[in-house]
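Shown next: protein30.txt, containing compact mmCIF, C-alpha atoms (C1' of nucleotides).
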# COMPACT_ATOMS: atom_id res chain seq x y z
CA MET A 1412 88.36 228.34 185.38
CA LYS A 1413 88.29 231.76 186.97
CA ARG A 1414 85.27 233.98 187.05
CA ALA A 1415 86.51 236.33 184.33
CA GLU A 1416 87.54 233.42 182.12
CA LYS A 1417 84.14 231.84 182.56
CA ARG A 1418 82.46 235.01 181.46
CA GLU A 1419 84.66 235.20 178.37
CA HIS A 1420 84.00 231.58 177.58
CA LEU A 1421 80.29 232.13 177.92
CA ILE A 1422 80.46 235.01 175.45
CA ASP A 1423 82.50 232.93 173.03
CA VAL A 1424 80.01 230.08 173.14
CA ALA A 1425 77.07 232.43 172.73
CA ALA A 1426 78.77 234.15 169.81
CA GLU A 1427 79.24 230.88 168.00
CA LEU A 1428 75.63 229.79 168.52
CA PHE A 1429 74.08 233.15 167.63
CA ASN A 1430 76.26 233.39 164.57
CA ARG A 1431 75.42 229.88 163.46
CA PHE A 1432 71.70 229.62 164.21
CA GLY A 1433 70.61 233.23 164.51
CA TYR A 1434 69.89 235.43 167.48
CA HIS A 1435 66.28 234.41 167.94
CA ALA A 1436 66.72 230.78 166.95
CA ALA A 1437 69.52 230.10 169.43
CA GLY A 1438 68.00 229.99 172.89
CA VAL A 1439 69.37 230.73 176.31
CA ASP A 1440 69.05 227.07 177.26
CA GLN A 1441 71.19 226.09 174.31
CA VAL A 1442 73.84 228.59 175.33
CA ILE A 1443 74.08 227.39 178.93
CA ALA A 1444 74.08 223.75 177.87
CA GLU A 1445 76.95 224.36 175.46
CA ALA A 1446 78.85 226.55 177.91
CA GLY A 1447 78.29 224.12 180.76
CA ILE A 1448 77.03 226.68 183.25
CA ALA A 1449 73.84 227.20 185.20
CA LYS A 1450 71.16 229.56 184.00
CA THR A 1451 71.43 231.58 187.19
CA THR A 1452 75.06 232.25 186.39
CA LEU A 1453 74.22 233.57 182.96
CA TYR A 1454 71.57 235.87 184.39
CA ARG A 1455 73.98 237.06 187.05
CA HIS A 1456 76.46 238.15 184.40
CA PHE A 1457 73.90 239.49 181.95
CA GLY A 1458 70.52 240.77 182.99
CA SER A 1459 68.81 239.56 179.85
CA LYS A 1460 69.36 237.76 176.59
CA GLU A 1461 69.56 241.12 174.84
CA GLU A 1462 72.39 242.23 177.12
CA LEU A 1463 74.20 239.01 176.29
CA ILE A 1464 73.77 239.68 172.61
CA VAL A 1465 75.15 243.18 172.99
CA ALA A 1466 78.13 241.81 174.92
CA VAL A 1467 78.68 239.24 172.19
CA LEU A 1468 78.66 241.92 169.50
CA LYS A 1469 81.04 244.16 171.48
CA ARG A 1470 83.50 241.32 171.89
CA THR A 1471 83.12 240.15 168.30
CA ASP A 1472 83.83 243.68 167.14
CA GLU A 1473 87.02 243.87 169.20
CA GLN A 1474 88.25 240.48 168.07
CA PHE A 1475 87.35 241.17 164.46
CA ARG A 1476 89.17 244.47 164.22
CA ASP A 1477 92.16 243.18 166.16
CA ALA A 1478 92.45 240.20 163.86
CA MET A 1479 92.20 242.43 160.80
CA ARG A 1480 94.86 244.77 162.16
CA GLN A 1481 97.18 241.83 162.73
CA VAL A 1482 96.80 240.58 159.17
CA VAL A 1483 97.24 244.10 157.83
CA ASP A 1484 100.37 244.76 159.88
CA ARG A 1485 101.89 241.39 159.06
CA THR A 1486 100.96 241.21 155.37
CA GLY A 1487 101.10 244.75 154.07
CA CYS A 1488 104.55 246.23 153.45
CA THR A 1489 103.56 249.52 151.85
CA PRO A 1490 100.64 251.63 153.02
CA LYS A 1491 98.72 250.83 149.85
CA GLN A 1492 99.30 247.12 150.38
CA LYS A 1493 97.96 247.48 153.89
CA LEU A 1494 94.66 248.70 152.48
CA LEU A 1495 94.51 245.72 150.17
CA ALA A 1496 95.49 243.35 152.96
CA THR A 1497 92.11 243.96 154.56
CA PHE A 1498 90.73 241.84 151.75
CA ASP A 1499 93.21 239.08 152.53
CA PHE A 1500 91.79 239.07 156.00
CA LEU A 1501 88.29 238.75 154.57
CA GLU A 1502 89.34 235.81 152.45
CA GLY A 1503 90.68 233.98 155.47
CA TRP A 1504 87.41 234.60 157.27
CA PHE A 1505 85.34 233.35 154.33
CA LYS A 1506 87.35 230.11 154.26
CA ASP A 1507 86.68 229.48 157.93
CA LYS A 1508 84.06 226.78 158.42
CA ALA A 1509 82.47 229.00 161.07
CA PHE A 1510 81.67 231.71 158.51
CA TYR A 1511 77.92 232.26 158.38
CA GLY A 1512 77.83 235.77 157.02
CA CYS A 1513 78.37 238.96 158.92
CA PRO A 1514 77.10 238.60 162.50
CA PHE A 1515 76.52 242.35 162.66
CA MET A 1516 74.34 242.44 159.57
CA SER A 1517 72.41 239.43 160.82
CA ALA A 1518 71.89 241.14 164.15
CA ALA A 1519 70.73 244.30 162.40
CA GLY A 1520 68.32 242.19 160.39
CA GLU A 1521 66.78 240.53 163.43
CA TYR A 1522 66.66 243.65 165.60
CA ALA A 1523 65.72 246.13 162.93
CA GLU A 1524 64.47 248.89 165.19
CA ARG A 1525 67.11 251.55 164.95
CA LEU A 1526 66.72 252.34 168.66
CA SER A 1527 67.51 248.78 169.68
CA PRO A 1528 70.83 248.44 171.54
CA VAL A 1529 71.58 245.46 169.32
CA PHE A 1530 71.18 247.48 166.13
CA HIS A 1531 73.20 250.28 167.67
CA GLU A 1532 76.10 247.96 168.44
CA ALA A 1533 76.06 246.62 164.89
CA ALA A 1534 76.07 250.15 163.49
CA MET A 1535 78.94 251.09 165.77
CA HIS A 1536 81.06 248.25 164.44
CA LYS A 1537 80.50 249.36 160.88
CA ARG A 1538 81.42 252.95 161.72
CA LEU A 1539 84.66 251.77 163.30
CA MET A 1540 85.47 249.74 160.20
CA VAL A 1541 85.08 252.76 157.94
CA ALA A 1542 87.20 254.81 160.33
CA TYR A 1543 89.93 252.20 160.12
CA PHE A 1544 89.87 252.24 156.33
CA GLU A 1545 90.13 256.00 156.37
CA GLU A 1546 93.07 255.80 158.74
CA LEU A 1547 94.84 253.45 156.34
CA ALA A 1548 93.98 255.59 153.31
CA ARG A 1549 95.28 258.68 155.05
CA ALA A 1550 98.50 256.92 156.04
CA ALA A 1551 98.96 255.98 152.39
CA GLY A 1552 98.69 259.65 151.43
CA LEU A 1553 95.85 258.98 149.03
CA SER A 1554 93.52 261.69 147.82
CA GLU A 1555 90.07 261.97 149.38
CA PRO A 1556 90.71 259.33 152.05
CA ALA A 1557 87.18 259.63 153.48
CA ARG A 1558 85.62 258.89 150.13
CA LEU A 1559 88.01 256.04 149.40
CA ALA A 1560 87.28 254.54 152.81
CA GLU A 1561 83.58 254.51 152.05
CA GLU A 1562 84.22 252.88 148.70
CA ILE A 1563 86.40 250.20 150.25
CA ASN A 1564 83.69 249.66 152.81
CA LEU A 1565 81.10 249.20 150.08
CA LEU A 1566 83.28 246.56 148.47
CA GLN A 1567 83.91 244.76 151.75
CA GLU A 1568 80.24 244.64 152.66
CA GLY A 1569 79.49 243.39 149.19
CA ALA A 1570 82.16 240.74 149.42
CA ILE A 1571 80.83 239.51 152.76
CA ALA A 1572 77.28 239.26 151.42
CA VAL A 1573 78.34 237.51 148.22
CA ALA A 1574 80.65 235.09 150.02
CA HIS A 1575 77.87 234.23 152.43
CA ILE A 1576 75.23 233.59 149.82
CA THR A 1577 77.43 231.83 147.28
CA GLY A 1578 79.80 230.15 149.71
CA ASP A 1579 82.65 231.19 147.46
CA PRO A 1580 85.66 232.79 149.21
CA LYS A 1581 86.84 234.23 145.90
CA ALA A 1582 84.46 237.13 146.46
CA ALA A 1583 87.25 238.63 148.55
CA ALA A 1584 89.74 238.56 145.71
CA LYS A 1585 87.23 239.99 143.26
CA ALA A 1586 86.46 242.87 145.59
CA MET A 1587 90.17 243.38 146.16
CA ALA A 1588 90.77 243.70 142.44
CA VAL A 1589 88.27 246.54 142.24
CA ALA A 1590 89.71 248.15 145.35
CA ALA A 1591 93.17 248.03 143.79
CA ARG A 1592 91.97 250.11 140.87
CA LEU A 1593 90.36 252.65 143.16
CA ILE A 1594 93.55 252.93 145.20
CA GLU A 1595 95.64 253.28 142.07
CA ASP A 1596 93.44 256.11 140.85
CA ALA A 1597 93.51 257.82 144.24
CA GLY A 1598 97.30 257.56 144.11
CA LYS A 1599 97.56 259.26 140.73
CA ALA A 1600 95.28 262.09 141.73
CA ALA A 1601 97.21 262.76 144.92
CA MET B 901 38.19 239.06 147.43
CA LYS B 902 38.80 235.99 145.33
CA ARG B 903 40.78 233.04 146.48
CA ALA B 904 43.84 233.88 144.40
CA GLU B 905 43.74 237.50 145.50
CA LYS B 906 43.48 236.45 149.12
CA ARG B 907 46.53 234.30 148.75
CA GLU B 908 48.46 237.17 147.19
CA HIS B 909 47.33 239.53 149.91
CA LEU B 910 48.40 237.04 152.55
CA ILE B 911 51.86 236.82 151.01
CA ASP B 912 52.11 240.60 150.82
CA VAL B 913 51.20 241.01 154.47
CA ALA B 914 53.60 238.26 155.52
CA ALA B 915 56.38 239.80 153.45
CA GLU B 916 55.96 243.13 155.16
CA LEU B 917 55.98 241.62 158.65
CA PHE B 918 58.90 239.27 158.03
CA ASN B 919 60.87 242.06 156.47
CA ARG B 920 60.15 244.43 159.31
CA PHE B 921 60.46 242.22 162.37
CA GLY B 922 62.42 239.25 161.11
CA TYR B 923 61.41 235.76 160.09
CA HIS B 924 61.51 234.22 163.55
CA ALA B 925 60.26 237.30 165.39
CA ALA B 926 57.12 237.70 163.29
CA GLY B 927 54.71 234.94 164.22
CA VAL B 928 51.97 233.20 162.32
CA ASP B 929 49.35 234.72 164.63
CA GLN B 930 50.61 238.18 163.76
CA VAL B 931 50.37 237.42 160.06
CA ILE B 932 46.78 236.15 160.19
CA ALA B 933 45.69 239.03 162.41
CA GLU B 934 47.15 241.56 159.99
CA ALA B 935 45.82 239.75 156.94
CA GLY B 936 42.39 239.24 158.49
CA ILE B 937 42.15 235.54 157.75
CA ALA B 938 41.76 232.40 159.83
CA LYS B 939 44.71 230.29 160.77
CA THR B 940 43.17 227.28 159.08
CA THR B 941 43.14 229.21 155.82
CA LEU B 942 46.81 230.00 156.07
CA TYR B 943 47.64 226.37 156.74
CA ARG B 944 45.49 225.30 153.84
CA HIS B 945 47.48 227.47 151.45
CA PHE B 946 50.86 226.79 153.02
CA GLY B 947 51.64 223.62 154.89
CA SER B 948 53.98 225.33 157.29
CA LYS B 949 55.50 228.67 158.21
CA GLU B 950 58.61 227.73 156.29
CA GLU B 951 56.58 227.18 153.13
CA LEU B 952 55.04 230.59 153.63
CA ILE B 953 58.47 232.13 153.98
CA VAL B 954 59.61 230.48 150.77
CA ALA B 955 56.52 231.74 148.97
CA VAL B 956 57.18 235.22 150.31
CA LEU B 957 60.74 235.14 149.05
CA LYS B 958 59.68 233.84 145.62
CA ARG B 959 57.17 236.63 145.26
CA THR B 960 59.50 239.28 146.62
CA ASP B 961 62.10 238.18 144.10
CA GLU B 962 59.67 238.51 141.21
CA GLN B 963 58.42 241.91 142.33
CA PHE B 964 61.92 243.13 143.03
CA ARG B 965 63.34 242.23 139.65
CA ASP B 966 60.26 243.43 137.80
CA ALA B 967 60.45 246.78 139.56
CA MET B 968 64.13 247.08 138.77
CA ARG B 969 63.54 246.24 135.12
CA GLN B 970 60.88 248.92 134.94
CA VAL B 971 63.16 251.59 136.33
CA VAL B 972 65.96 250.45 134.05
CA ASP B 973 63.78 250.48 130.93
CA ARG B 974 62.25 253.83 131.78
CA THR B 975 65.36 255.63 133.01
CA GLY B 976 68.23 254.30 130.96
CA CYS B 977 68.54 255.56 127.39
CA THR B 978 71.83 253.98 126.41
CA PRO B 979 72.83 250.44 127.40
CA LYS B 980 75.48 251.81 129.73
CA GLN B 981 72.93 254.07 131.38
CA LYS B 982 70.71 251.09 131.89
CA LEU B 983 73.41 249.45 133.95
CA LEU B 984 73.72 252.56 136.07
CA ALA B 985 69.96 252.89 136.39
CA THR B 986 69.97 249.80 138.58
CA PHE B 987 71.49 252.02 141.22
CA ASP B 988 68.72 254.56 140.77
CA PHE B 989 66.33 251.78 141.57
CA LEU B 990 68.29 250.98 144.71
CA GLU B 991 68.15 254.60 145.82
CA GLY B 992 64.40 254.62 145.51
CA TRP B 993 64.22 251.47 147.58
CA PHE B 994 66.49 252.89 150.27
CA LYS B 995 64.27 255.96 150.58
CA ASP B 996 61.19 253.84 151.09
CA LYS B 997 60.11 253.83 154.72
CA ALA B 998 59.62 250.07 154.42
CA PHE B 999 63.32 249.49 153.75
CA TYR B 1000 64.76 247.27 156.45
CA GLY B 1001 67.74 245.88 154.60
CA CYS B 1002 67.73 243.06 152.10
CA PRO B 1003 65.04 240.52 152.97
CA PHE B 1004 67.05 237.82 151.22
CA MET B 1005 70.18 238.44 153.23
CA SER B 1006 68.14 238.53 156.42
CA ALA B 1007 66.52 235.24 155.49
CA ALA B 1008 69.92 233.74 154.74
CA GLY B 1009 71.10 234.95 158.13
CA GLU B 1010 68.23 233.38 160.03
CA TYR B 1011 68.17 230.11 158.06
CA ALA B 1012 71.89 229.67 157.66
CA GLU B 1013 71.87 225.98 156.81
CA ARG B 1014 72.71 225.87 153.16
CA LEU B 1015 70.29 222.99 152.64
CA SER B 1016 67.36 224.99 153.97
CA PRO B 1017 64.75 225.84 151.31
CA VAL B 1018 64.76 229.38 152.67
CA PHE B 1019 68.48 229.80 152.14
CA HIS B 1020 68.16 228.22 148.71
CA GLU B 1021 65.50 230.73 147.67
CA ALA B 1022 67.64 233.62 148.84
CA ALA B 1023 70.62 232.29 146.92
CA MET B 1024 68.48 231.87 143.83
CA HIS B 1025 67.44 235.51 143.91
CA LYS B 1026 71.05 236.63 144.09
CA ARG B 1027 72.01 234.42 141.15
CA LEU B 1028 69.20 235.91 139.08
CA MET B 1029 70.37 239.41 139.94
CA VAL B 1030 73.89 238.69 138.71
CA ALA B 1031 72.44 237.12 135.57
CA TYR B 1032 70.46 240.28 134.91
CA PHE B 1033 73.53 242.47 135.35
CA GLU B 1034 75.42 240.27 132.93
CA GLU B 1035 72.58 240.54 130.42
CA LEU B 1036 72.76 244.34 130.64
CA ALA B 1037 76.55 244.35 130.38
CA ARG B 1038 76.42 242.11 127.34
CA ALA B 1039 73.80 244.31 125.69
CA ALA B 1040 76.09 247.27 126.25
CA GLY B 1041 78.86 245.44 124.40
CA LEU B 1042 81.24 245.77 127.33
CA SER B 1043 84.31 243.61 127.73
CA GLU B 1044 84.18 240.71 130.18
CA PRO B 1045 80.47 241.10 130.94
CA ALA B 1046 80.48 238.23 133.45
CA ARG B 1047 83.22 239.82 135.48
CA LEU B 1048 81.62 243.26 135.31
CA ALA B 1049 78.31 241.78 136.42
CA GLU B 1050 79.95 240.30 139.50
CA GLU B 1051 81.59 243.62 140.29
CA ILE B 1052 78.32 245.49 139.94
CA ASN B 1053 76.74 242.90 142.18
CA LEU B 1054 79.44 243.43 144.81
CA LEU B 1055 78.71 247.14 144.77
CA GLN B 1056 74.96 246.65 144.99
CA GLU B 1057 75.21 244.25 147.90
CA GLY B 1058 77.55 246.67 149.60
CA ALA B 1059 75.21 249.58 149.00
CA ILE B 1060 72.27 247.65 150.45
CA ALA B 1061 74.21 246.73 153.57
CA VAL B 1062 75.56 250.24 154.09
CA ALA B 1063 72.19 251.88 153.47
CA HIS B 1064 70.59 249.54 155.96
CA ILE B 1065 73.10 250.08 158.72
CA THR B 1066 73.60 253.82 158.26
CA GLY B 1067 70.08 254.66 157.09
CA ASP B 1068 71.62 256.84 154.41
CA PRO B 1069 70.21 256.40 150.88
CA LYS B 1070 73.29 258.09 149.43
CA ALA B 1071 75.04 254.75 149.57
CA ALA B 1072 73.37 254.04 146.23
CA ALA B 1073 74.91 257.08 144.56
CA LYS B 1074 78.33 256.32 145.98
CA ALA B 1075 78.19 252.78 144.67
CA MET B 1076 76.94 254.08 141.35
CA ALA B 1077 79.94 256.38 141.06
CA VAL B 1078 82.29 253.44 141.42
CA ALA B 1079 80.24 251.38 138.99
CA ALA B 1080 80.45 254.19 136.45
CA ARG B 1081 84.23 254.00 136.51
CA LEU B 1082 84.18 250.24 136.06
CA ILE B 1083 81.79 250.56 133.13
CA GLU B 1084 83.88 253.28 131.58
CA ASP B 1085 86.98 251.10 131.78
CA ALA B 1086 85.13 248.10 130.37
CA GLY B 1087 84.03 250.33 127.50
CA LYS B 1088 87.58 251.41 126.64
CA ALA B 1089 88.90 247.87 126.70
CA ALA B 1090 86.14 246.59 124.43
C1' DC C 274 18.21 225.89 144.80
C1' DA C 275 21.23 222.23 146.70
C1' DG C 276 25.39 220.43 147.82
C1' DA C 277 30.28 220.72 148.24
C1' DA C 278 34.25 223.20 149.41
C1' DA C 279 36.36 226.49 151.79
C1' DA C 280 36.75 230.31 155.41
C1' DC C 281 35.68 231.42 159.70
C1' DA C 282 36.50 231.98 165.13
C1' DG C 283 38.27 230.01 168.78
C1' DA C 284 39.79 226.46 171.65
C1' DC C 285 43.37 223.31 172.15
C1' DA C 286 47.82 220.61 172.18
C1' DG C 287 52.49 220.33 173.11
C1' DA C 288 56.66 222.17 172.85
C1' DC C 289 59.42 226.03 173.34
C1' DT C 290 60.69 230.80 175.08
C1' DT C 291 62.85 234.01 178.68
C1' DG C 292 63.46 234.74 183.21
C1' DT C 293 62.76 233.58 188.49
C1' DT C 294 62.94 230.91 192.50
C1' DT C 295 64.61 227.35 195.74
C1' DG C 296 67.75 224.94 198.15
C1' DT C 297 72.28 222.71 197.81
C1' DT C 298 77.17 222.56 196.85
C1' DT C 299 81.39 224.43 195.79
C1' DG C 300 85.46 227.40 195.84
C1' DG C 301 88.26 231.31 197.17
C1' DC C 302 89.89 234.21 200.85
C1' DA C 303 90.89 235.80 205.54
C1' DT D 640 89.30 226.40 209.46
C1' DG D 641 85.30 229.24 208.84
C1' DC D 642 82.71 232.21 206.21
C1' DC D 643 80.55 234.28 202.28
C1' DA D 644 79.62 234.81 197.77
C1' DA D 645 78.91 232.56 193.82
C1' DA D 646 77.71 228.35 190.92
C1' DC D 647 75.02 224.66 190.71
C1' DA D 648 70.67 221.69 189.24
C1' DA D 649 66.09 221.63 188.77
C1' DA D 650 61.62 223.10 189.17
C1' DC D 651 58.66 226.72 188.14
C1' DA D 652 56.08 230.80 186.09
C1' DA D 653 54.02 233.03 182.43
C1' DG D 654 53.96 233.64 178.07
C1' DT D 655 54.81 232.50 173.09
C1' DC D 656 55.40 229.50 169.33
C1' DT D 657 53.66 226.39 165.46
C1' DG D 658 50.24 223.51 164.10
C1' DT D 659 45.62 220.87 164.77
C1' DC D 660 40.90 220.25 165.64
C1' DT D 661 35.89 221.45 166.09
C1' DG D 662 31.83 223.23 164.74
C1' DT D 663 29.66 227.06 162.30
C1' DT D 664 29.05 230.16 158.45
C1' DT D 665 29.96 231.79 154.10
C1' DT D 666 30.69 231.28 149.19
C1' DC D 667 31.08 229.21 144.99
C1' DT D 668 29.26 225.88 141.51
C1' DG D 669 26.58 222.47 139.16
Written as structure tokens, that's how I'd like the structure from this file.
Amino acid sequence: MKRAEKREHLIDVAAELFNRFGYHAAGVDQVIAEAGIAKTTLYRHFGSKEELIVAVLKRTDEQFRDAMRQVVDRTGCTPKQKLLATFDFLEGWFKDKAFYGCPFMSAAGEYAERLSPVFHEAAMHKRLMVAYFEELARAAGLSEPARLAEEINLLQEGAIAVAHITGDPKAAAKAMAVAARLIEDAGKAA
Amino acid sequence: MKRAEKREHLIDVAAELFNRFGYHAAGVDQVIAEAGIAKTTLYRHFGSKEELIVAVLKRTDEQFRDAMRQVVDRTGCTPKQKLLATFDFLEGWFKDKAFYGCPFMSAAGEYAERLSPVFHEAAMHKRLMVAYFEELARAAGLSEPARLAEEINLLQEGAIAVAHITGDPKAAAKAMAVAARLIEDAGKAA
DNA sequence: CAGAAAACAGACAGACTTGTTTGTTTGGCA
DNA sequence: TGCCAAACAAACAAGTCTGTCTGTTTTCTG
């Protein structure tokens, strides 16, 4: 395994453990044991546990939005369907056995100081999500795309929370049904 | 201060610290220092930190739903307005300087094992919230009250998450606007 | 007032935390 | 092949964590 690969693998392992057990509960020792590397190597790549967490969130954000884009581009035929396809992506995520709620919200919960780099990274991800929804809404020629994007975002966040707490992936479909009505209305008004 | 009062005070202090710093990050020593009691006293009342956390969540749930009921009963004149008043309650919460996101979602994030008593308590709170929304929807004579309650719940969870991450209390009003449309539709169909 | 129960401060145990240090081994590149 | 940087294991430091124990003081109750 090459150096760059090893770094990626380390981030992947850390992401899984942080997501599953929590950012405080999962320790550095657990990460290196699971990743099969020495502690010195981890601290060479990342100066501290917090830096590792930030790196994990950055990578998770990239992977998350890429994966959503793929589902949207593959599933949605019309621009309106693309907006709804974001909920199909959610449903797939909820059905994954490695779904333990939103890692960004969990991070924001454990590092609640707004100045914390961890909180900042979580907030950044959410901003990028809303921006993506707005991009889709605009492409669909819907009225008030910024407002619609925020409404879709509300529904997605709600779906994630509900799916986490109930364990029921149908939260995605229920949120999608509401989103469909909002999109329909925004289509009429346009 | 009487024994019962001391116990209540202890729970209040613990709730504030857990909510603010996180359940793992806030330690038992911090709780007793802030509450001004001896560690032996804490461990007499609660056998472990986890038991304390569960007690905190139980109490927070009661206070939360009582406070919401009060706002609903005071603010809402018509049954439909009562449903919308739940969002007024949220807005007040978001504006509170002690708002650090939903303590139940944070707890569920840190104690992700579904068998954990902590997770169970968080899930219980969410079920009771949906039940309350359904009660209000039924009282308003709206069609499909169970479905509407779940939709309102989605919007509330979304509003909490968005308000936490953005720090903007207006998330409540935005969610309320969507809820108003759902209620309106459920009124026509009835 | 006397006795019992509980609260107190503080030390203590033992395990765990992040992060550093040491000295050895390995792997890639010239 | 020879070198250098990096990875390695393992011990270590310094601090934190939960939970227990001791002995004293307060407080409630019969």
Would you kindly return, as an MDAnalysis selection string, each protein, DNA or RNA residue with an atom no farther than 12 Å from any atom of range 658-667 of chain D, considering only C-alpha atoms (C1' of nucleotides) and excluding same-chain residues fewer than 3 positions away?
(chainID B and resid 901:903 928:929 939:940 942:944 946:949) or (chainID C and resid 276:288)
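The space separating CA of Ser1554 in chain A from CA of Glu1473 in chain A comes to 28.6 Å.
Those residues of chain D that fall within 10 Å of chain A when using only C-alpha atoms (C1' of nucleotides) read DA645, DA646, DC647 and DA648 of chain D.
A straight line drawn from CA of Asp1472 in chain A to CA of Glu1546 in chain A is 17.4 Å long.
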When you look at range 1024-1026 of chain B with a cut-off of 10 Å (counting all atoms listed in the file), what residues show up, excluding the ones that are within fewer than 4 positions of it in the same chain? I need them as a count of residues only.
21
Check every residue of chain B for an atom within 9 Å of chain A, counting all atoms listed in the file, and provide those that qualify as a VMD selection string.
chain B and resid 919 to 925 1000 to 1003 1005 to 1014 1019 to 1020 1022 to 1023 1026 to 1027 1047 1050 to 1051 1053 to 1062 1064 to 1067 1071 1074 to 1075 1078 1082
Just the selected residues (C-alpha atoms), exported as a short mmCIF file (atom, residue, chain, number, x, y, z; two decimals), keeping the file's coordinate frame, please.
data_model
loop_
_atom_site.label_atom_id
_atom_site.label_comp_id
_atom_site.auth_asym_id
_atom_site.auth_seq_id
_atom_site.Cartn_x
_atom_site.Cartn_y
_atom_site.Cartn_z
CA ASN B 919 60.87 242.06 156.47
CA ARG B 920 60.15 244.43 159.31
CA PHE B 921 60.46 242.22 162.37
CA GLY B 922 62.42 239.25 161.11
CA TYR B 923 61.41 235.76 160.09
CA HIS B 924 61.51 234.22 163.55
CA ALA B 925 60.26 237.30 165.39
CA TYR B 1000 64.76 247.27 156.45
CA GLY B 1001 67.74 245.88 154.60
CA CYS B 1002 67.73 243.06 152.10
CA PRO B 1003 65.04 240.52 152.97
CA MET B 1005 70.18 238.44 153.23
CA SER B 1006 68.14 238.53 156.42
CA ALA B 1007 66.52 235.24 155.49
CA ALA B 1008 69.92 233.74 154.74
CA GLY B 1009 71.10 234.95 158.13
CA GLU B 1010 68.23 233.38 160.03
CA TYR B 1011 68.17 230.11 158.06
CA ALA B 1012 71.89 229.67 157.66
CA GLU B 1013 71.87 225.98 156.81
CA ARG B 1014 72.71 225.87 153.16
CA PHE B 1019 68.48 229.80 152.14
CA HIS B 1020 68.16 228.22 148.71
CA ALA B 1022 67.64 233.62 148.84
CA ALA B 1023 70.62 232.29 146.92
CA LYS B 1026 71.05 236.63 144.09
CA ARG B 1027 72.01 234.42 141.15
CA ARG B 1047 83.22 239.82 135.48
CA GLU B 1050 79.95 240.30 139.50
CA GLU B 1051 81.59 243.62 140.29
CA ASN B 1053 76.74 242.90 142.18
CA LEU B 1054 79.44 243.43 144.81
CA LEU B 1055 78.71 247.14 144.77
CA GLN B 1056 74.96 246.65 144.99
CA GLU B 1057 75.21 244.25 147.90
CA GLY B 1058 77.55 246.67 149.60
CA ALA B 1059 75.21 249.58 149.00
CA ILE B 1060 72.27 247.65 150.45
CA ALA B 1061 74.21 246.73 153.57
CA VAL B 1062 75.56 250.24 154.09
CA HIS B 1064 70.59 249.54 155.96
CA ILE B 1065 73.10 250.08 158.72
CA THR B 1066 73.60 253.82 158.26
CA GLY B 1067 70.08 254.66 157.09
CA ALA B 1071 75.04 254.75 149.57
CA LYS B 1074 78.33 256.32 145.98
CA ALA B 1075 78.19 252.78 144.67
CA VAL B 1078 82.29 253.44 141.42
CA LEU B 1082 84.18 250.24 136.06
#
Which of these, B:Glu916, B:Ala926, B:Asp1085, B:Gly936, has the shortest distance to chain C once you count all atoms listed in the file?
B:Gly936
Could you check how far CA of Leu1463 in chain A sits from C1' of DG296 in chain C, in Å to one decimal?
26.8 Å
How close does each residue of chain C get to chain A, giving the shortest atom pair and distance in Å to one decimal for every residue with an atom at most 10 Å away, counting all atoms listed in the file, sorted by chain and residue number, as a tab-separated table?
residue	atom	partner	partner_atom	distance
C:DC289	C1'	A:Gly1438	CA	9.5
C:DT290	C1'	A:Gly1438	CA	7.7
C:DT291	C1'	A:Val1439	CA	7.7
C:DG292	C1'	A:Ser1459	CA	7.9
C:DT293	C1'	A:Thr1451	CA	9.0
Let me see the file: selected residues, C-alpha atoms (C1' of nucleotides), as a compact mmCIF listing (two decimals), keeping the file's coordinate frame.
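Full text of part23.txt as output:
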# COMPACT_ATOMS: atom_id res chain seq x y z
C1' DC C 289 59.42 226.03 173.34
C1' DT C 290 60.69 230.80 175.08
C1' DT C 291 62.85 234.01 178.68
C1' DG C 292 63.46 234.74 183.21
C1' DT C 293 62.76 233.58 188.49
Axis-aligned box for all listed atoms of range 293-299 of chain C, 4 Å per side, centre and edges in Å to one decimal, as lines of an AutoDock Vina configuration file:
center_x = 72.1
center_y = 228.1
center_z = 193.3
size_x = 26.6
size_y = 19.0
size_z = 17.7
Need the shell around Thr1497 in chain A: protein/DNA/RNA residues with any atom at most 10 Å away, counting all atoms listed in the file. Skip same-chain ones fewer than 3 positions apart. Format as a PyMOL selection string?
chain A and resi 1479-1484+1486-1487+1492-1494+1500-1502+1544+1563+1567+1583+1587
